[in-house]
$ cat work-v2.txt   # compact mmCIF, C-alpha atoms and all ligand atoms
# COMPACT_ATOMS: atom_id res chain seq x y z
CA MET A 1 12.76 78.08 21.00
CA ASP A 2 14.70 75.96 23.43
CA TYR A 3 15.00 72.19 22.96
CA GLN A 4 17.39 70.21 25.13
CA ASN A 5 18.15 66.63 26.03
CA ILE A 6 19.24 66.22 29.63
CA LEU A 7 21.19 63.08 30.45
CA THR A 8 20.05 61.49 33.68
CA THR A 9 19.54 58.19 35.49
CA CYS A 10 16.20 56.48 35.96
CA THR A 11 14.72 56.84 39.44
CA TYR A 12 12.43 53.83 39.26
CA CYS A 13 14.76 51.05 40.36
CA GLY A 14 18.35 50.25 41.17
CA CYS A 15 19.40 49.18 37.63
CA GLY A 16 20.46 52.71 36.84
CA CYS A 17 19.41 52.98 33.19
CA ASN A 18 20.46 56.19 31.46
CA PHE A 19 18.19 58.29 29.34
CA PHE A 20 17.68 61.80 28.07
CA LEU A 21 14.76 63.86 29.27
CA GLU A 22 13.52 65.92 26.36
CA VAL A 23 12.83 69.49 27.43
CA LEU A 24 10.99 71.81 25.04
CA ASP A 25 10.65 75.40 26.22
CA GLY A 26 11.03 74.39 29.85
CA LYS A 27 8.55 71.48 29.77
CA LEU A 28 9.35 67.78 29.78
CA VAL A 29 7.97 66.29 26.59
CA GLY A 30 9.59 62.88 26.36
CA THR A 31 12.16 60.27 27.34
CA ILE A 32 14.82 58.89 24.98
CA PRO A 33 16.93 55.91 26.11
CA CYS A 34 20.66 56.56 25.88
CA LYS A 35 22.17 54.42 23.11
CA THR A 36 25.75 54.71 24.31
CA SER A 37 25.10 53.92 27.98
CA PRO A 38 26.78 50.62 28.88
CA VAL A 39 24.00 50.00 31.41
CA ASN A 40 20.96 49.85 29.16
CA GLU A 41 22.34 50.23 25.59
CA GLY A 42 19.35 52.17 24.28
CA LYS A 43 16.68 50.05 25.96
CA LEU A 44 14.23 50.78 28.79
CA CYS A 45 11.30 49.14 30.57
CA ILE A 46 7.83 50.63 30.40
CA LYS A 47 8.35 52.62 33.60
CA GLY A 48 11.54 54.21 32.29
CA TRP A 49 9.93 55.09 28.97
CA ASN A 50 7.26 57.09 30.79
CA VAL A 51 9.39 58.72 33.44
CA HIS A 52 8.76 62.25 32.11
CA GLN A 53 5.08 61.88 32.96
CA PHE A 54 5.35 61.62 36.74
CA VAL A 55 7.65 64.62 37.14
CA GLN A 56 4.94 67.05 36.06
CA SER A 57 2.01 64.99 37.37
CA GLU A 58 -0.71 66.99 39.07
CA ASN A 59 -1.06 64.15 41.57
CA ARG A 60 2.31 64.85 43.13
CA LEU A 61 2.41 65.99 46.74
CA THR A 62 3.72 69.52 47.11
CA HIS A 63 2.93 70.05 50.82
CA PRO A 64 2.85 67.89 53.93
CA MET A 65 -0.73 66.84 54.67
CA ILE A 66 -2.48 65.35 57.71
CA ARG A 67 -5.87 63.65 57.64
CA LYS A 68 -8.09 65.51 60.09
CA ASN A 69 -11.65 64.25 60.66
CA GLY A 70 -11.33 62.14 57.53
CA VAL A 71 -10.15 64.98 55.29
CA LEU A 72 -6.57 65.64 54.11
CA GLU A 73 -5.43 69.11 55.08
CA LYS A 74 -2.30 71.05 54.20
CA VAL A 75 -0.11 71.60 57.24
CA SER A 76 3.30 73.11 57.99
CA TRP A 77 6.42 70.94 58.15
CA ASP A 78 6.66 71.63 61.89
CA GLU A 79 3.15 70.37 62.51
CA ALA A 80 3.77 67.32 60.31
CA PHE A 81 6.99 66.40 62.14
CA ASP A 82 5.47 66.93 65.59
CA TYR A 83 2.46 64.82 64.70
CA THR A 84 4.54 62.00 63.18
CA ALA A 85 7.00 61.91 66.10
CA SER A 86 4.31 61.90 68.78
CA ARG A 87 2.17 59.24 67.04
CA LEU A 88 5.19 56.98 66.46
CA SER A 89 6.18 57.30 70.14
CA GLU A 90 2.61 56.52 71.25
CA ILE A 91 2.33 53.46 69.02
CA LYS A 92 5.72 52.19 70.10
CA ALA A 93 4.85 52.61 73.81
CA GLU A 94 1.46 50.96 73.40
CA LYS A 95 2.10 48.11 70.93
CA GLY A 96 5.86 47.77 70.65
CA SER A 97 8.36 48.60 67.88
CA ASP A 98 7.15 45.91 65.50
CA ALA A 99 3.76 47.57 65.26
CA ILE A 100 5.55 50.13 63.10
CA GLY A 101 6.82 49.67 59.56
CA PHE A 102 8.54 51.91 57.02
CA LEU A 103 8.23 52.09 53.24
CA THR A 104 11.01 53.85 51.43
CA SER A 105 11.59 54.56 47.78
CA ALA A 106 13.78 53.98 44.78
CA LYS A 107 13.16 57.60 43.83
CA VAL A 108 15.41 58.93 46.61
CA THR A 109 19.15 58.60 47.02
CA ASN A 110 21.04 55.67 48.47
CA GLU A 111 21.99 57.82 51.42
CA GLU A 112 18.38 58.74 52.18
CA ASN A 113 17.46 55.06 52.05
CA TYR A 114 20.32 54.30 54.39
CA LEU A 115 19.10 56.93 56.82
CA LEU A 116 15.58 55.56 56.87
CA GLN A 117 16.69 51.99 57.61
CA LYS A 118 18.97 53.37 60.32
CA PHE A 119 16.04 55.26 61.80
CA ALA A 120 13.85 52.14 61.62
CA ARG A 121 16.40 49.79 63.16
CA ALA A 122 18.40 51.98 65.56
CA GLY A 123 15.80 54.66 66.29
CA VAL A 124 12.51 52.78 66.39
CA GLY A 125 13.85 49.27 66.87
CA THR A 126 12.17 47.32 64.08
CA ASN A 127 13.31 45.44 60.96
CA ASN A 128 10.04 46.31 59.23
CA ILE A 129 11.44 48.24 56.32
CA ASP A 130 10.77 47.76 52.60
CA HIS A 131 10.74 49.72 49.36
CA CYS A 132 8.73 50.21 46.18
CA ALA A 133 11.38 48.79 43.84
CA ARG A 134 10.40 45.27 44.95
CA LEU A 135 7.61 45.57 42.33
CA MET B 1 33.00 63.72 6.35
CA ILE B 2 31.83 65.69 9.36
CA ASP B 3 33.57 68.83 8.09
CA MET B 4 31.45 68.80 4.96
CA VAL B 5 28.33 68.38 7.06
CA LYS B 6 29.32 71.28 9.31
CA GLU B 7 30.09 73.51 6.33
CA LYS B 8 26.67 72.82 4.87
CA ILE B 9 24.94 73.61 8.18
CA GLU B 10 26.87 76.83 8.63
CA ALA B 11 25.86 77.88 5.13
CA LEU B 12 22.20 77.12 5.88
CA PHE B 13 22.36 79.30 8.99
CA LYS B 14 24.14 82.06 7.15
CA GLU B 15 21.53 82.11 4.38
CA LYS B 16 18.83 82.20 7.09
CA LYS B 17 17.28 79.08 5.66
CA ILE B 18 16.81 77.25 8.96
CA ALA B 19 15.78 78.14 12.51
CA GLY B 20 17.73 75.23 13.97
CA PHE B 21 19.57 72.07 13.00
CA LEU B 22 18.63 68.74 14.53
CA GLY B 23 21.63 66.48 14.76
CA LEU B 24 23.80 64.56 17.20
CA ARG B 25 26.29 65.74 19.74
CA GLU B 26 28.84 64.21 22.10
CA GLN B 27 27.73 65.35 25.50
CA ASN B 28 28.86 64.10 28.92
CA GLY B 29 30.59 61.19 27.25
CA GLN B 30 27.41 60.05 25.46
CA VAL B 31 25.94 60.64 22.04
CA ALA B 32 22.73 62.67 22.28
CA PRO B 33 20.22 64.21 19.89
CA HIS B 34 20.75 67.97 19.85
CA LEU B 35 19.13 71.05 18.35
CA PHE B 36 21.90 73.36 17.17
CA MET B 37 20.83 77.00 17.03
CA GLU B 38 22.21 79.88 15.00
CA GLY B 39 25.34 81.43 16.45
CA GLN B 40 26.05 78.32 18.50
CA ALA B 41 29.27 76.55 17.66
CA LEU B 42 28.83 73.15 16.07
CA GLU B 43 31.34 71.88 18.56
CA GLY B 44 30.87 68.31 19.67
CA MET B 45 28.68 67.52 16.67
CA CYS B 46 28.96 63.89 15.59
CA LEU B 47 27.31 61.52 13.14
CA GLY B 48 26.35 58.67 15.45
CA ASP B 49 29.26 56.36 14.72
CA ARG B 50 30.79 55.23 17.99
CA LYS B 51 32.48 51.83 18.04
CA ILE B 52 31.08 50.89 14.65
CA ALA B 53 29.25 52.88 11.99
CA GLY B 54 25.72 53.89 12.90
CA ASP B 55 25.71 52.38 16.39
CA ALA B 56 24.47 55.59 18.03
CA ARG B 57 21.53 56.55 15.82
CA TYR B 58 18.47 58.27 17.27
CA PRO B 59 14.94 58.90 15.96
CA LEU B 60 15.67 62.48 14.89
CA ASN B 61 12.56 62.54 12.67
CA LYS B 62 10.42 61.84 15.71
CA ILE B 63 11.93 64.83 17.50
CA LEU B 64 11.36 66.91 14.38
CA VAL B 65 7.65 66.04 14.46
CA THR B 66 7.52 67.27 18.08
CA LEU B 67 9.29 70.52 17.13
CA ALA B 68 7.17 71.06 14.03
CA ARG B 69 3.95 70.64 16.01
CA GLN B 70 5.13 73.40 18.36
CA TYR B 71 6.70 75.63 15.69
CA PRO B 72 4.80 74.96 12.44
CA GLU B 73 6.08 78.14 10.76
CA GLU B 74 9.78 77.38 11.23
CA THR B 75 12.08 75.47 8.89
CA PHE B 76 14.49 72.99 10.40
CA GLY B 77 17.60 71.32 9.11
CA ILE B 78 18.08 67.66 10.00
CA LEU B 79 20.83 65.07 9.77
CA ALA B 80 19.63 62.23 7.54
CA ARG B 81 20.90 58.82 6.53
CA GLY B 82 19.09 56.89 3.82
CA CYS B 83 16.52 55.50 6.23
CA ASP B 84 15.95 58.91 7.83
CA GLU B 85 15.21 60.39 4.42
CA ARG B 86 12.84 57.52 3.67
CA GLY B 87 11.21 58.41 6.99
CA LEU B 88 10.92 62.08 6.00
CA TYR B 89 9.26 61.12 2.70
CA GLY B 90 6.85 58.92 4.65
CA LEU B 91 6.07 61.69 7.13
CA PHE B 92 5.45 64.15 4.28
CA ARG B 93 3.02 61.66 2.74
CA LEU B 94 1.27 61.17 6.08
CA ASN B 95 0.97 64.95 6.62
CA GLN B 96 3.09 64.94 9.76
CA LEU B 97 5.75 67.22 8.29
CA ASP B 98 5.67 69.92 5.64
CA PRO B 99 8.27 69.23 2.93
CA ASP B 100 8.82 73.00 2.55
CA LYS B 101 9.84 73.27 6.18
CA VAL B 102 12.51 70.56 6.26
CA ILE B 103 16.02 70.63 4.84
CA ALA B 104 17.83 67.30 5.07
CA VAL B 105 21.60 67.21 5.29
CA GLY B 106 22.38 63.72 4.08
CA ILE B 107 25.17 61.29 4.84
CA ALA B 108 25.81 57.95 3.14
CA CYS B 109 26.32 54.73 5.09
CA PRO B 110 29.32 52.47 4.57
CA GLY B 111 28.98 49.02 3.00
CA ASP B 112 29.23 46.99 6.22
CA LEU B 113 26.41 48.95 7.82
CA ALA B 114 24.29 48.62 4.68
CA LEU B 115 24.84 44.88 4.72
CA ALA B 116 24.03 44.56 8.43
CA CYS B 117 20.82 46.56 7.86
CA GLU B 118 20.04 44.66 4.64
CA CYS B 119 19.35 48.17 3.44
CA LYS B 120 17.34 49.02 0.33
CA LYS B 121 18.97 52.43 -0.08
CA PRO B 122 21.90 53.25 2.18
CA PHE B 123 22.16 56.88 1.07
CA PRO B 124 19.77 59.83 0.90
CA GLU B 125 18.99 61.90 -2.20
CA ALA B 126 20.04 64.99 -0.23
CA LEU B 127 23.58 63.64 -0.03
CA VAL B 128 26.13 66.03 1.44
CA ALA B 129 28.90 63.73 2.65
CA GLY B 130 30.02 60.15 2.27
CA GLU B 131 30.14 57.86 -0.70
CA LYS B 132 27.10 56.28 -2.27
CA ILE B 133 27.17 52.50 -2.00
CA GLN B 134 24.89 50.65 -4.39
CA ALA B 135 22.39 48.53 -2.51
CA GLY B 136 22.67 45.35 -4.62
CA ASP B 137 24.42 43.22 -2.02
CA SER B 138 22.36 44.38 0.93
CA ILE B 139 19.08 43.92 -0.95
CA LYS B 140 20.18 40.41 -1.90
CA ALA B 141 21.08 39.65 1.73
CA GLY B 142 17.61 40.79 2.79
CA ARG B 143 15.92 38.57 0.23
CA GLU B 144 17.95 35.59 1.38
CA THR B 145 17.05 36.10 5.04
CA LEU B 146 13.35 36.21 4.16
CA ALA B 147 13.66 33.22 1.83
CA ALA B 148 15.32 31.21 4.61
CA MET B 149 12.36 31.98 6.90
CA ASP B 150 9.95 30.96 4.15
CA THR B 151 11.52 27.48 3.92
CA LEU B 152 10.04 26.71 7.36
CA ASP B 153 6.53 25.27 7.06
CA LEU B 154 3.67 27.37 8.45
CA ASP B 155 3.49 25.56 11.80
CA LYS B 156 7.20 25.95 12.41
CA ARG B 157 7.15 29.58 11.37
CA PHE B 158 4.20 30.30 13.64
CA SER B 159 5.86 28.61 16.59
CA PHE B 160 9.10 30.50 15.88
CA TRP B 161 7.24 33.79 16.13
CA LYS B 162 5.14 32.68 19.10
CA ASN B 163 8.34 31.88 20.96
CA GLN B 164 9.82 35.22 20.01
CA PHE B 165 6.69 37.16 21.03
CA SER B 166 6.53 35.34 24.36
CA LYS B 167 9.75 37.11 25.38
CA CYS B 168 8.05 40.50 25.12
CA VAL B 169 8.04 42.57 28.31
CA LYS B 170 5.49 45.00 26.86
CA CYS B 171 7.69 48.02 27.30
CA TYR B 172 6.18 49.67 24.19
CA GLY B 173 9.74 50.68 23.30
CA CYS B 174 9.28 49.50 19.69
CA ARG B 175 6.45 52.00 19.34
CA ASP B 176 8.01 54.77 21.39
CA ILE B 177 11.30 54.79 19.49
CA CYS B 178 9.72 54.45 16.03
CA PRO B 179 9.95 57.64 13.97
CA MET B 180 6.95 56.49 11.93
CA CYS B 181 4.67 56.04 14.99
CA PHE B 182 2.95 59.32 15.71
CA CYS B 183 -0.73 58.52 16.39
CA ARG B 184 -2.25 60.33 19.32
CA GLU B 185 -4.39 57.29 20.05
CA CYS B 186 -2.55 54.00 19.69
CA SER B 187 -4.29 50.69 18.93
CA LEU B 188 -1.80 48.95 21.20
CA GLU B 189 -3.46 50.77 24.08
CA CYS B 190 -6.98 49.83 22.96
CA GLU B 191 -8.26 47.40 25.57
CA ASP B 192 -10.43 45.53 23.06
CA LEU B 193 -7.21 44.40 21.40
CA VAL B 194 -4.53 44.41 24.07
CA SER B 195 -5.10 43.81 27.77
CA LYS B 196 -3.88 46.57 30.02
CA GLY B 197 -1.24 46.14 32.69
CA ASP B 198 -0.58 42.41 32.53
CA LEU B 199 1.83 39.93 31.07
CA PRO B 200 2.31 37.81 29.06
CA VAL B 201 1.48 40.10 26.20
CA ASP B 202 -1.45 39.14 23.92
CA ILE B 203 0.12 36.77 21.40
CA PRO B 204 0.15 37.28 18.47
CA VAL B 205 -2.23 40.25 18.53
CA PHE B 206 0.16 42.82 19.98
CA HIS B 207 3.01 42.29 17.53
CA LEU B 208 0.90 41.55 14.47
CA THR B 209 -1.27 44.62 15.05
CA ARG B 210 1.88 46.70 15.06
CA ALA B 211 3.18 44.89 11.97
CA MET B 212 -0.08 45.63 10.14
CA HIS B 213 0.03 49.29 11.07
CA MET B 214 3.62 49.47 9.88
CA ALA B 215 2.85 47.83 6.53
CA ASP B 216 2.88 51.07 4.54
CA ARG B 217 4.88 53.13 7.03
CA CYS B 218 7.97 51.23 8.21
CA VAL B 219 11.08 52.57 6.50
CA ASP B 220 13.26 49.75 7.85
CA CYS B 221 15.55 51.90 9.99
CA GLY B 222 15.99 49.17 12.62
CA LEU B 223 15.61 51.47 15.63
CA CYS B 224 12.84 49.25 17.07
CA ASP B 225 15.09 46.21 16.86
CA GLU B 226 17.82 48.06 18.73
CA ALA B 227 15.40 49.29 21.43
CA CYS B 228 13.81 45.90 22.15
CA PRO B 229 15.10 44.64 25.52
CA ALA B 230 13.88 41.14 24.64
CA ASP B 231 15.84 40.91 21.38
CA ILE B 232 12.77 40.08 19.35
CA PRO B 233 13.67 40.32 15.63
CA LEU B 234 11.04 42.98 14.95
CA ARG B 235 12.79 44.33 11.92
CA LEU B 236 12.61 40.92 10.28
CA LEU B 237 8.88 40.82 10.89
CA TYR B 238 8.38 44.24 9.30
CA LYS B 239 10.69 43.33 6.41
CA LYS B 240 8.28 40.49 5.64
CA THR B 241 5.29 42.85 5.72
CA ALA B 242 7.17 45.25 3.47
CA GLN B 243 7.94 42.39 1.07
CA ILE B 244 4.23 41.59 0.80
CA MET B 245 3.48 45.27 0.08
CA ASP B 246 6.11 45.21 -2.62
CA ILE B 247 4.95 41.98 -4.25
CA GLU B 248 1.25 42.85 -4.11
CA PHE B 249 1.34 46.56 -4.87
CA GLY B 250 4.87 47.45 -5.97
CA PHE B 251 5.06 49.81 -2.99
CA THR B 252 8.09 50.48 -0.78
CA SER B 253 7.62 52.99 2.00
CA GLY B 254 9.80 56.08 1.69
CA ILE B 255 11.56 55.20 -1.57
CA ASN B 256 9.83 57.89 -3.65
CA LYS B 257 9.19 61.40 -2.49
CA ASP B 258 5.74 61.75 -4.01
CA GLU B 259 4.60 58.23 -3.23
CA ARG B 260 1.03 57.39 -2.31
CA SER B 261 0.18 54.40 -0.19
CA PRO B 262 -2.02 51.73 -1.81
CA LEU B 263 -3.58 51.32 1.65
CA SER B 264 -5.01 54.82 1.58
CA MET B 265 -6.44 54.78 -1.94
CA MET B 266 -10.13 54.33 -2.61
CA GLY B 267 -11.35 52.11 -5.42
CA PRO B 268 -10.03 48.90 -6.93
CA ALA B 269 -6.62 47.58 -5.94
CA PRO B 270 -3.79 49.11 -7.92
CA LYS B 271 -2.36 46.82 -10.58
CA LYS B 272 0.59 44.76 -9.57
CA VAL B 273 3.73 46.29 -10.86
CA ALA B 274 5.91 43.88 -12.80
CA LYS B 275 9.37 43.68 -11.34
S1 LIG C 1 18.96 51.30 7.20
FE1 LIG C 1 20.32 51.90 5.49
S2 LIG C 1 20.43 54.10 5.64
FE2 LIG C 1 19.68 53.38 7.62
S3 LIG C 1 21.50 53.10 8.90
FE3 LIG C 1 21.12 51.16 7.89
S4 LIG C 1 22.38 51.24 6.04
FE4 LIG C 1 22.20 53.32 6.78
S1 LIG C 2 12.31 49.64 11.46
FE1 LIG C 2 11.14 49.77 13.35
S2 LIG C 2 11.54 51.81 14.18
FE2 LIG C 2 12.16 51.85 12.00
S3 LIG C 2 10.34 52.55 10.91
FE3 LIG C 2 10.25 50.32 10.91
S4 LIG C 2 8.98 49.83 12.69
FE4 LIG C 2 9.67 51.95 12.96
S1 LIG C 3 10.31 46.62 22.33
FE1 LIG C 3 10.31 44.35 22.42
S2 LIG C 3 9.78 43.87 24.56
FE2 LIG C 3 9.22 46.02 24.23
S3 LIG C 3 7.03 45.95 23.62
FE3 LIG C 3 8.24 45.96 21.73
S4 LIG C 3 8.49 43.78 21.24
FE4 LIG C 3 7.86 43.87 23.38
$ encode --input "work-v2.txt" --output "structure tokens"
Amino acid sequence: MDYQNILTTCTYCGCGCNFFLEVLDGKLVGTIPCKTSPVNEGKLCIKGWNVHQFVQSENRLTHPMIRKNGVLEKVSWDEAFDYTASRLSEIKAEKGSDAIGFLTSAKVTNEENYLLQKFARAGVGTNNIDHCARL
Amino acid sequence: MIDMVKEKIEALFKEKKIAGFLGLREQNGQVAPHLFMEGQALEGMCLGDRKIAGDARYPLNKILVTLARQYPEETFGILARGCDERGLYGLFRLNQLDPDKVIAVGIACPGDLALACECKKPFPEALVAGEKIQAGDSIKAGRETLAAMDTLDLDKRFSFWKNQFSKCVKCYGCRDICPMCFCRECSLECEDLVSKGDLPVDIPVFHLTRAMHMADRCVDCGLCDEACPADIPLRLLYKKTAQIMDIEFGFTSGINKDERSPLSMMGPAPKKVAK
């Protein structure tokens, strides 16, 4: 029998609410808002309350995939990178930088978000960058 | 106070009476629910009093229900204030916990906390540490709050609650934190009652449905109030429902260990109990 509460920070938006992820025998079973956190004082929004559900969701991507002839197929990272780089170059050459846009995420780190906007602006040459936390 | 609690827990482990003890622990600078296991030091254990008494309470009973579903044969010890013990009695009645598999280690609440909670019984029967405070003053304070609400005429009262409910962000935190909410299928997710995925929340259906379902369950612990990001006085609403249950049926959830709810009895309504 192993029951633990792991203190962590919500990945859904930039507020940074603290909660405990309840782990029973290695599986996430619930979320408990942290009462003593000065950020959220024991409160959460509906996304935070259900955060434990997406971690173990069967819908999560575990491999890079490319749609070939209308069907998603598992591919290697190398193939995925090559494909993405060549298609982005083609689109940029054909239609210009602003034909490309990037969507980033609140579920990654600040630094990763910084990198993606840098890539968009300095690498590709577009200001078309947005994120899911605008919800 | 905490030394007496620790002594009791160590004795329970030594006598092999419990598989684990569900309590609170200071961890990474925060207070967290924690399952202490045999042989583990009780280091860092705390009682949930941070800046003021009882300001870091957690729904330990809810965690116990999760553990008991997974380990029905094991007996657990649990830290319990008055309201937690009322919750345990309620969960025994509702067949969510087996009274033979739970050992409460009780602590009494101080007078200021009892008054702030307007508490009906600020100490558990299974008292291990702390001094019993009689509930006279806090019960009186509760009656006065409800009486003040009742002086508003019906229209004013309804618009007071409509305004309160309109602040709701539909986080479901009141349900998710509540140690007395355990249904696998929740009416608040039934689309015939409550629309899915949009705001504003259905007023007053959402909050009054919950109040109805809490009528014979709520043990007035106040955790929902503390979890509500919109500061809706939920506890006050449930105190009113509880008052109606008391006046009509002489029933107060969690006060007696072998209680039965008038809402789950067949036949004619039980006689009103003279107070
Ligand atoms: S409701 Fe009563 S028992 Fe519970 S914390 Fe408040 S004073 Fe203590
Ligand atoms: S006060 Fe709130 S959290 Fe506590 S039992 Fe009643 S409804 Fe549940
Ligand atoms: S906790 Fe408050 S805001 Fe959240 S659903 Fe309940 S009443 Fe609404």
$ interface_residues --input "work-v2.txt" --of "chain A" --to "chain B" --cutoff "10 Å" --atoms "all atoms listed in the file" --output "VMD selection string"
chain A and resid 1 to 7 18 to 20 22 24 to 25 29 to 37 40 to 50
$ axis_aligned_box --input "work-v2.txt" --around "ligand LIG 2 (chain C)" --padding-each-side "8 Å" --output "lines of an AutoDock Vina configuration file"
center_x = 10.6
center_y = 51.1
center_z = 12.5
size_x = 19.3
size_y = 18.9
size_z = 19.3
$ residues_around --input "work-v2.txt" --residues "Gly14 in chain A" --least-positions-apart "5" --cutoff "12 Å" --atoms "all atoms listed in the file" --output "number ranges by chain"
A: 9, 39, 48, 105-110, 113, 131-135
$ residues_around --input "work-v2.txt" --residues "Asp220 in chain B" --least-positions-apart "3" --cutoff "10 Å" --atoms "all atoms listed in the file" --output "list in words"
Cys83, Asp84, Arg86, Gly87, Cys117, Glu118, Cys119, Lys120, Met214, Arg217, Leu223, Cys224, Asp225, Arg235, Leu236, Tyr238, Lys239, Ala242, Ser253 and Gly254 of chain B
$ closest_residue --input "work-v2.txt" --among "B:Asp246, B:Asp137, B:Glu189, B:Asp258" --to "ligand LIG 3 (chain C)" --atoms "all atoms listed in the file"
B:Glu189
$ residues_around --input "work-v2.txt" --residues "Asp112 in chain B" --least-positions-apart "2" --cutoff "12 Å" --atoms "only C-alpha atoms" --output "PyMOL selection string"
chain B and resi 52-54+108-110+114-119+122+133+135+137-138+141
$ residues_around --input "work-v2.txt" --residues "Gly101 in chain A" --least-positions-apart "4" --cutoff "8 Å" --atoms "only C-alpha atoms" --output "count of residues only"
5
$ atom_distance --input "work-v2.txt" --atom1 "CA of Pro179 in chain B" --atom2 "atom FE1 of ligand LIG 1 (chain C)"
14.6 Å
$ closest_residue --input "work-v2.txt" --among "A:Thr62, A:Phe102, A:Asp82, A:Gly96" --to "Leu115 in chain A" --atoms "only C-alpha atoms"
A:Phe102
$ closest_residue --input "work-v2.txt" --among "B:Gly39, B:Gly222, B:Gly106, B:Gly90" --to "ligand LIG 2 (chain C)" --atoms "only C-alpha atoms and all ligand atoms"
B:Gly222
$ atom_distance --input "work-v2.txt" --atom1 "CA of Asp98 in chain A" --atom2 "CA of Phe81 in chain A"
20.8 Å
$ atom_distance --input "work-v2.txt" --atom1 "CA of Ile203 in chain B" --atom2 "CA of Cys186 in chain B"
17.5 Å
$ closest_residue --input "work-v2.txt" --among "B:Ile9, B:Met149, B:Leu113, B:Leu42" --to "ligand LIG 1 (chain C)" --atoms "only C-alpha atoms and all ligand atoms"
B:Leu113
$ residues_near_point --input "work-v2.txt" --point "(7.9, 34.6, 1.6)" --cutoff "8 Å" --atoms "only C-alpha atoms" --output "MDAnalysis selection string"
chainID B and resid 146:147 149:150 240 243:244
$ decode --input "work-v2.txt" --residues "range 3-8 of chain A" --atoms "all heavy atoms" --output "mmCIF file, in the first residue's frame"
data_model
loop_
_atom_site.group_PDB
_atom_site.id
_atom_site.type_symbol
_atom_site.label_atom_id
_atom_site.label_comp_id
_atom_site.auth_asym_id
_atom_site.auth_seq_id
_atom_site.Cartn_x
_atom_site.Cartn_y
_atom_site.Cartn_z
ATOM 1 N N TYR A 3 0.327 5.349 -0.599
ATOM 2 C CA TYR A 3 -0.490 6.521 -0.920
ATOM 3 C C TYR A 3 0.336 7.779 -0.677
ATOM 4 O O TYR A 3 0.886 7.964 0.409
ATOM 5 C CB TYR A 3 -1.752 6.547 -0.052
ATOM 6 C CG TYR A 3 -2.549 7.837 -0.219
ATOM 7 C CD1 TYR A 3 -3.424 7.995 -1.290
ATOM 8 C CD2 TYR A 3 -2.394 8.897 0.671
ATOM 9 C CE1 TYR A 3 -4.129 9.171 -1.465
ATOM 10 C CE2 TYR A 3 -3.108 10.080 0.505
ATOM 11 C CZ TYR A 3 -3.972 10.208 -0.574
ATOM 12 O OH TYR A 3 -4.661 11.378 -0.743
ATOM 13 N N GLN A 4 0.448 8.609 -1.706
ATOM 14 C CA GLN A 4 1.243 9.823 -1.547
ATOM 15 C C GLN A 4 0.541 11.026 -2.151
ATOM 16 O O GLN A 4 -0.239 10.885 -3.099
ATOM 17 C CB GLN A 4 2.574 9.651 -2.266
ATOM 18 C CG GLN A 4 3.378 8.519 -1.696
ATOM 19 C CD GLN A 4 4.841 8.646 -2.051
ATOM 20 O OE1 GLN A 4 5.342 9.750 -2.250
ATOM 21 N NE2 GLN A 4 5.506 7.519 -2.145
ATOM 22 N N ASN A 5 0.841 12.190 -1.607
ATOM 23 C CA ASN A 5 0.384 13.439 -2.199
ATOM 24 C C ASN A 5 1.599 14.205 -2.688
ATOM 25 O O ASN A 5 2.470 14.559 -1.902
ATOM 26 C CB ASN A 5 -0.369 14.271 -1.158
ATOM 27 C CG ASN A 5 -1.798 13.814 -1.046
ATOM 28 O OD1 ASN A 5 -2.538 13.876 -2.016
ATOM 29 N ND2 ASN A 5 -2.186 13.341 0.125
ATOM 30 N N ILE A 6 1.644 14.435 -3.994
ATOM 31 C CA ILE A 6 2.798 15.110 -4.583
ATOM 32 C C ILE A 6 2.434 16.561 -4.889
ATOM 33 O O ILE A 6 1.523 16.833 -5.675
ATOM 34 C CB ILE A 6 3.233 14.404 -5.897
ATOM 35 C CG1 ILE A 6 3.373 12.891 -5.685
ATOM 36 C CG2 ILE A 6 4.516 15.028 -6.435
ATOM 37 C CD1 ILE A 6 4.478 12.465 -4.762
ATOM 38 N N LEU A 7 3.165 17.469 -4.247
ATOM 39 C CA LEU A 7 2.928 18.898 -4.471
ATOM 40 C C LEU A 7 3.435 19.301 -5.851
ATOM 41 O O LEU A 7 4.567 19.003 -6.208
ATOM 42 C CB LEU A 7 3.662 19.716 -3.402
ATOM 43 C CG LEU A 7 3.560 21.240 -3.519
ATOM 44 C CD1 LEU A 7 2.140 21.717 -3.263
ATOM 45 C CD2 LEU A 7 4.529 21.920 -2.556
ATOM 46 N N THR A 8 2.576 19.959 -6.610
ATOM 47 C CA THR A 8 3.037 20.430 -7.913
ATOM 48 C C THR A 8 2.238 21.658 -8.335
ATOM 49 O O THR A 8 1.390 22.141 -7.591
ATOM 50 C CB THR A 8 2.988 19.301 -8.973
ATOM 51 O OG1 THR A 8 3.594 19.768 -10.175
ATOM 52 C CG2 THR A 8 1.574 18.867 -9.265
#
